[in-house]
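Trainee: The structure is given below, and queries will be raised subsequently.
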Amino acid sequence: MKEIQPIYQNELGVSFYWKEENTLQRDKIQLVFKETGLQLNPKELIDFKCLIEESITQNYCCDDCELKNNCTKYLLKTPFREVDLAMSINEMIQMNNLVSTTLFKMELDEYLWGRGRN
């Protein structure tokens, strides 16, 4: 069985790198949430973050309805043209947190252990 190196976890899901033969595969990031798994490269992850934020902005419109952000599902585009996800606004907000924090931790690790090292 392959091992993993967790990056970040929240209530919606988890992000991690796969390990193969004790080497982290940093070219792909695995996101697992609900019953879905997506494997993205860093550019696709950045694109996905933009798509999430755009969808939240376009669909977040009902401040007077407490249930609107939980019960109504909207299609969330992904970097994969053939794949859209049905999510509520609150799920999209959690997904944005998962993706944004994953990107932040990846950049921090790159700075601390990569290009930022003296």
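In the structure tokens, chains take the letters A, B, ... in the order shown, each chain's residues start at 1, and ligands count up from 1 in the order shown.
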Can you pull out the residues contacting Pro6 (chain A)? Cut-off 10 Å, using only C-alpha atoms, and skip same-chain residues under 6 positions away; I want them as a list in words.
Mentor: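 Neighbouring residues, sequence-local ones excluded: Val14, Ser15, Phe16, Tyr17, Trp18, Ile29, Gln30 and Thr102 of chain A.
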Trainee: Report as a ChimeraX atom specification: the residues of chain A with a DSSP assignment of strand (DSSP E), based on the backbone of this structure.
Mentor: /A:3-9,13-20,23-33,36-40,74-77,84-87
Trainee: Could you save those same residues with N, CA, C and O atoms as a compact mmCIF listing (two decimals), in the first residue's frame?
Mentor:
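Listing of out05.txt after writing:
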# COMPACT_ATOMS: atom_id res chain seq x y z
N GLU A 3 2.01 5.02 0.87
CA GLU A 3 1.91 5.87 2.04
C GLU A 3 1.57 7.29 1.59
O GLU A 3 1.71 7.63 0.41
N ILE A 4 1.12 8.11 2.54
CA ILE A 4 0.79 9.50 2.25
C ILE A 4 1.51 10.43 3.21
O ILE A 4 1.91 10.04 4.29
N GLN A 5 1.64 11.69 2.78
CA GLN A 5 2.15 12.76 3.63
C GLN A 5 1.05 13.82 3.67
O GLN A 5 0.85 14.55 2.70
N PRO A 6 0.28 13.91 4.78
CA PRO A 6 -0.80 14.88 4.86
C PRO A 6 -0.28 16.31 4.71
O PRO A 6 0.80 16.65 5.17
N ILE A 7 -1.09 17.13 4.05
CA ILE A 7 -0.78 18.56 3.92
C ILE A 7 -1.72 19.34 4.83
O ILE A 7 -1.28 20.14 5.65
N TYR A 8 -3.03 19.10 4.68
CA TYR A 8 -4.02 19.85 5.47
C TYR A 8 -5.32 19.05 5.53
O TYR A 8 -5.63 18.29 4.61
N GLN A 9 -6.08 19.26 6.62
CA GLN A 9 -7.37 18.60 6.78
C GLN A 9 -8.34 19.58 7.42
O GLN A 9 -7.97 20.33 8.33
N GLY A 13 -12.64 17.72 4.10
CA GLY A 13 -11.76 16.72 3.50
C GLY A 13 -10.31 16.87 3.91
O GLY A 13 -9.99 17.52 4.90
N VAL A 14 -9.45 16.28 3.10
CA VAL A 14 -8.02 16.23 3.39
C VAL A 14 -7.24 16.40 2.09
O VAL A 14 -7.72 16.03 1.02
N SER A 15 -6.04 16.96 2.20
CA SER A 15 -5.12 17.03 1.06
C SER A 15 -3.82 16.37 1.49
O SER A 15 -3.42 16.45 2.65
N PHE A 16 -3.19 15.71 0.53
CA PHE A 16 -1.94 15.03 0.85
C PHE A 16 -1.13 14.75 -0.40
O PHE A 16 -1.64 14.83 -1.52
N TYR A 17 0.16 14.45 -0.17
CA TYR A 17 1.04 13.95 -1.23
C TYR A 17 1.09 12.43 -1.10
O TYR A 17 1.04 11.90 0.01
N TRP A 18 1.26 11.75 -2.21
CA TRP A 18 1.55 10.32 -2.18
C TRP A 18 3.05 10.14 -1.99
O TRP A 18 3.84 10.93 -2.46
N LYS A 19 3.43 9.08 -1.28
CA LYS A 19 4.83 8.68 -1.14
C LYS A 19 5.03 7.41 -1.93
O LYS A 19 4.24 6.47 -1.81
N GLU A 20 6.07 7.38 -2.73
CA GLU A 20 6.44 6.17 -3.45
C GLU A 20 7.91 5.90 -3.16
O GLU A 20 8.76 6.75 -3.43
N THR A 23 9.77 8.52 -1.22
CA THR A 23 9.96 9.81 -1.87
C THR A 23 8.60 10.47 -2.07
O THR A 23 7.69 9.86 -2.62
N LEU A 24 8.46 11.72 -1.61
CA LEU A 24 7.21 12.45 -1.81
C LEU A 24 7.03 12.78 -3.28
O LEU A 24 7.95 13.28 -3.93
N GLN A 25 5.85 12.54 -3.79
CA GLN A 25 5.51 12.89 -5.17
C GLN A 25 4.84 14.27 -5.15
O GLN A 25 3.62 14.38 -5.11
N ARG A 26 5.65 15.31 -5.16
CA ARG A 26 5.15 16.68 -5.02
C ARG A 26 4.54 17.26 -6.29
O ARG A 26 4.02 18.37 -6.27
N ASP A 27 4.58 16.52 -7.38
CA ASP A 27 4.03 17.04 -8.63
C ASP A 27 2.51 16.88 -8.69
O ASP A 27 1.86 17.49 -9.55
N LYS A 28 1.92 16.11 -7.79
CA LYS A 28 0.48 15.93 -7.72
C LYS A 28 0.02 16.01 -6.28
O LYS A 28 0.65 15.48 -5.38
N ILE A 29 -1.13 16.69 -6.08
CA ILE A 29 -1.73 16.82 -4.76
C ILE A 29 -3.05 16.08 -4.81
O ILE A 29 -3.85 16.29 -5.72
N GLN A 30 -3.29 15.23 -3.84
CA GLN A 30 -4.55 14.49 -3.77
C GLN A 30 -5.49 15.22 -2.83
O GLN A 30 -5.12 15.52 -1.69
N LEU A 31 -6.70 15.54 -3.30
CA LEU A 31 -7.77 16.07 -2.46
C LEU A 31 -8.81 14.97 -2.32
O LEU A 31 -9.22 14.37 -3.32
N VAL A 32 -9.24 14.69 -1.09
CA VAL A 32 -10.29 13.73 -0.85
C VAL A 32 -11.35 14.43 0.00
O VAL A 32 -11.04 14.95 1.08
N PHE A 33 -12.58 14.44 -0.49
CA PHE A 33 -13.68 15.08 0.20
C PHE A 33 -14.96 14.35 -0.16
O PHE A 33 -15.10 13.85 -1.28
N THR A 36 -15.37 11.75 -3.00
CA THR A 36 -14.66 12.15 -4.21
C THR A 36 -13.18 12.34 -3.93
O THR A 36 -12.80 12.83 -2.88
N GLY A 37 -12.38 11.98 -4.89
CA GLY A 37 -10.95 12.25 -4.84
C GLY A 37 -10.52 12.90 -6.13
O GLY A 37 -10.92 12.49 -7.22
N LEU A 38 -9.74 13.96 -6.03
CA LEU A 38 -9.17 14.63 -7.20
C LEU A 38 -7.66 14.68 -7.02
O LEU A 38 -7.17 15.01 -5.94
N GLN A 39 -6.94 14.40 -8.08
CA GLN A 39 -5.49 14.52 -8.05
C GLN A 39 -5.13 15.64 -9.02
O GLN A 39 -5.41 15.56 -10.21
N LEU A 40 -4.52 16.70 -8.47
CA LEU A 40 -4.22 17.89 -9.26
C LEU A 40 -2.75 18.24 -9.16
O LEU A 40 -2.13 18.02 -8.12
N TYR A 74 -25.08 23.92 -6.10
CA TYR A 74 -24.68 24.60 -7.33
C TYR A 74 -23.58 23.78 -7.98
O TYR A 74 -22.84 23.07 -7.32
N LEU A 75 -23.45 23.91 -9.29
CA LEU A 75 -22.37 23.22 -9.98
C LEU A 75 -21.09 24.01 -9.82
O LEU A 75 -21.04 25.21 -10.10
N LEU A 76 -20.07 23.34 -9.35
CA LEU A 76 -18.74 23.93 -9.19
C LEU A 76 -17.84 23.34 -10.26
O LEU A 76 -17.65 22.13 -10.31
N LYS A 77 -17.33 24.18 -11.13
CA LYS A 77 -16.43 23.72 -12.17
C LYS A 77 -15.10 23.33 -11.55
O LYS A 77 -14.71 23.84 -10.51
N ASP A 84 -17.70 18.43 -13.14
CA ASP A 84 -18.26 19.47 -12.28
C ASP A 84 -18.73 18.80 -11.00
O ASP A 84 -19.07 17.62 -11.00
N LEU A 85 -18.75 19.55 -9.91
CA LEU A 85 -19.19 19.03 -8.62
C LEU A 85 -20.44 19.77 -8.16
O LEU A 85 -20.54 20.98 -8.37
N ALA A 86 -21.39 19.07 -7.55
CA ALA A 86 -22.57 19.70 -6.97
C ALA A 86 -22.29 19.96 -5.51
O ALA A 86 -22.08 19.02 -4.74
N MET A 87 -22.27 21.25 -5.12
CA MET A 87 -21.95 21.61 -3.74
C MET A 87 -22.80 22.79 -3.29
O MET A 87 -23.15 23.66 -4.08
Trainee: Which of chain A end up as alpha helix (DSSP H) when DSSP is run on this backbone - answer as a PyMOL selection string?
Mentor: chain A and resi 42-59+68-71+89-110
Trainee: So that I can see what lies close to Cys50 (chain A), please list as a PDB file with N, CA and C atoms, in the first residue's frame the residues with an atom at most 12 Å from it, counting only C-alpha atoms and leaving out residues fewer than 4 positions away in the same chain.
Mentor:
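Okay, this is what ended up in out-v2.pdb:
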ATOM      1  N   LYS A  43      -0.569  23.877 -10.546  1.00  0.00           N
ATOM      2  CA  LYS A  43      -1.273  24.869 -11.365  1.00  0.00           C
ATOM      3  C   LYS A  43      -2.774  24.593 -11.381  1.00  0.00           C
ATOM      4  N   GLU A  44      -3.151  23.331 -11.491  1.00  0.00           N
ATOM      5  CA  GLU A  44      -4.569  22.976 -11.464  1.00  0.00           C
ATOM      6  C   GLU A  44      -5.193  23.317 -10.116  1.00  0.00           C
ATOM      7  N   LEU A  45      -4.437  23.175  -9.051  1.00  0.00           N
ATOM      8  CA  LEU A  45      -4.932  23.520  -7.720  1.00  0.00           C
ATOM      9  C   LEU A  45      -5.186  25.021  -7.617  1.00  0.00           C
ATOM     10  N   ILE A  46      -4.296  25.827  -8.175  1.00  0.00           N
ATOM     11  CA  ILE A  46      -4.492  27.284  -8.201  1.00  0.00           C
ATOM     12  C   ILE A  46      -5.715  27.631  -9.047  1.00  0.00           C
ATOM     13  N   GLU A  54     -14.883  32.107  -7.649  1.00  0.00           N
ATOM     14  CA  GLU A  54     -15.812  32.659  -8.637  1.00  0.00           C
ATOM     15  C   GLU A  54     -17.223  32.109  -8.421  1.00  0.00           C
ATOM     16  N   SER A  55     -17.347  30.825  -8.160  1.00  0.00           N
ATOM     17  CA  SER A  55     -18.654  30.213  -7.938  1.00  0.00           C
ATOM     18  C   SER A  55     -19.305  30.733  -6.657  1.00  0.00           C
ATOM     19  N   ILE A  56     -18.525  30.890  -5.606  1.00  0.00           N
ATOM     20  CA  ILE A  56     -19.066  31.436  -4.354  1.00  0.00           C
ATOM     21  C   ILE A  56     -19.595  32.842  -4.598  1.00  0.00           C
ATOM     22  N   THR A  57     -18.831  33.656  -5.295  1.00  0.00           N
ATOM     23  CA  THR A  57     -19.242  35.037  -5.574  1.00  0.00           C
ATOM     24  C   THR A  57     -20.520  35.086  -6.405  1.00  0.00           C
ATOM     25  N   LEU A  76     -20.069  23.345  -9.352  1.00  0.00           N
ATOM     26  CA  LEU A  76     -18.743  23.931  -9.192  1.00  0.00           C
ATOM     27  C   LEU A  76     -17.842  23.337 -10.261  1.00  0.00           C
ATOM     28  N   LYS A  77     -17.335  24.182 -11.128  1.00  0.00           N
ATOM     29  CA  LYS A  77     -16.428  23.717 -12.171  1.00  0.00           C
ATOM     30  C   LYS A  77     -15.096  23.326 -11.551  1.00  0.00           C
ATOM     31  N   THR A  78     -14.425  22.393 -12.199  1.00  0.00           N
ATOM     32  CA  THR A  78     -13.099  21.957 -11.758  1.00  0.00           C
ATOM     33  C   THR A  78     -12.119  22.208 -12.906  1.00  0.00           C
ATOM     34  N   PRO A  79     -10.834  22.077 -12.664  1.00  0.00           N
ATOM     35  CA  PRO A  79      -9.859  22.224 -13.751  1.00  0.00           C
ATOM     36  C   PRO A  79     -10.004  21.158 -14.838  1.00  0.00           C
ATOM     37  N   MET A  92     -18.680  24.813  -0.527  1.00  0.00           N
ATOM     38  CA  MET A  92     -17.689  25.521  -1.347  1.00  0.00           C
ATOM     39  C   MET A  92     -16.756  26.359  -0.479  1.00  0.00           C
ATOM     40  N   MET A  95     -14.402  23.973   0.962  1.00  0.00           N
ATOM     41  CA  MET A  95     -13.477  23.541  -0.093  1.00  0.00           C
ATOM     42  C   MET A  95     -12.453  24.637  -0.365  1.00  0.00           C
ATOM     43  N   ASN A  96     -12.891  25.889  -0.362  1.00  0.00           N
ATOM     44  CA  ASN A  96     -11.962  27.000  -0.564  1.00  0.00           C
ATOM     45  C   ASN A  96     -10.925  27.031   0.553  1.00  0.00           C
ATOM     46  N   VAL A  99      -8.444  24.100  -0.109  1.00  0.00           N
ATOM     47  CA  VAL A  99      -7.526  24.372  -1.222  1.00  0.00           C
ATOM     48  C   VAL A  99      -6.580  25.524  -0.887  1.00  0.00           C
ATOM     49  N   SER A 100      -7.111  26.604  -0.349  1.00  0.00           N
ATOM     50  CA  SER A 100      -6.274  27.776  -0.024  1.00  0.00           C
ATOM     51  C   SER A 100      -5.204  27.439   1.014  1.00  0.00           C
TER      52      SER A 100
END
Trainee: For the atom pair CA of Phe104 (chain A) and CA of Leu51 (chain A), what is the interatomic distance in Å to one decimal place?
Mentor: 17.1 Å
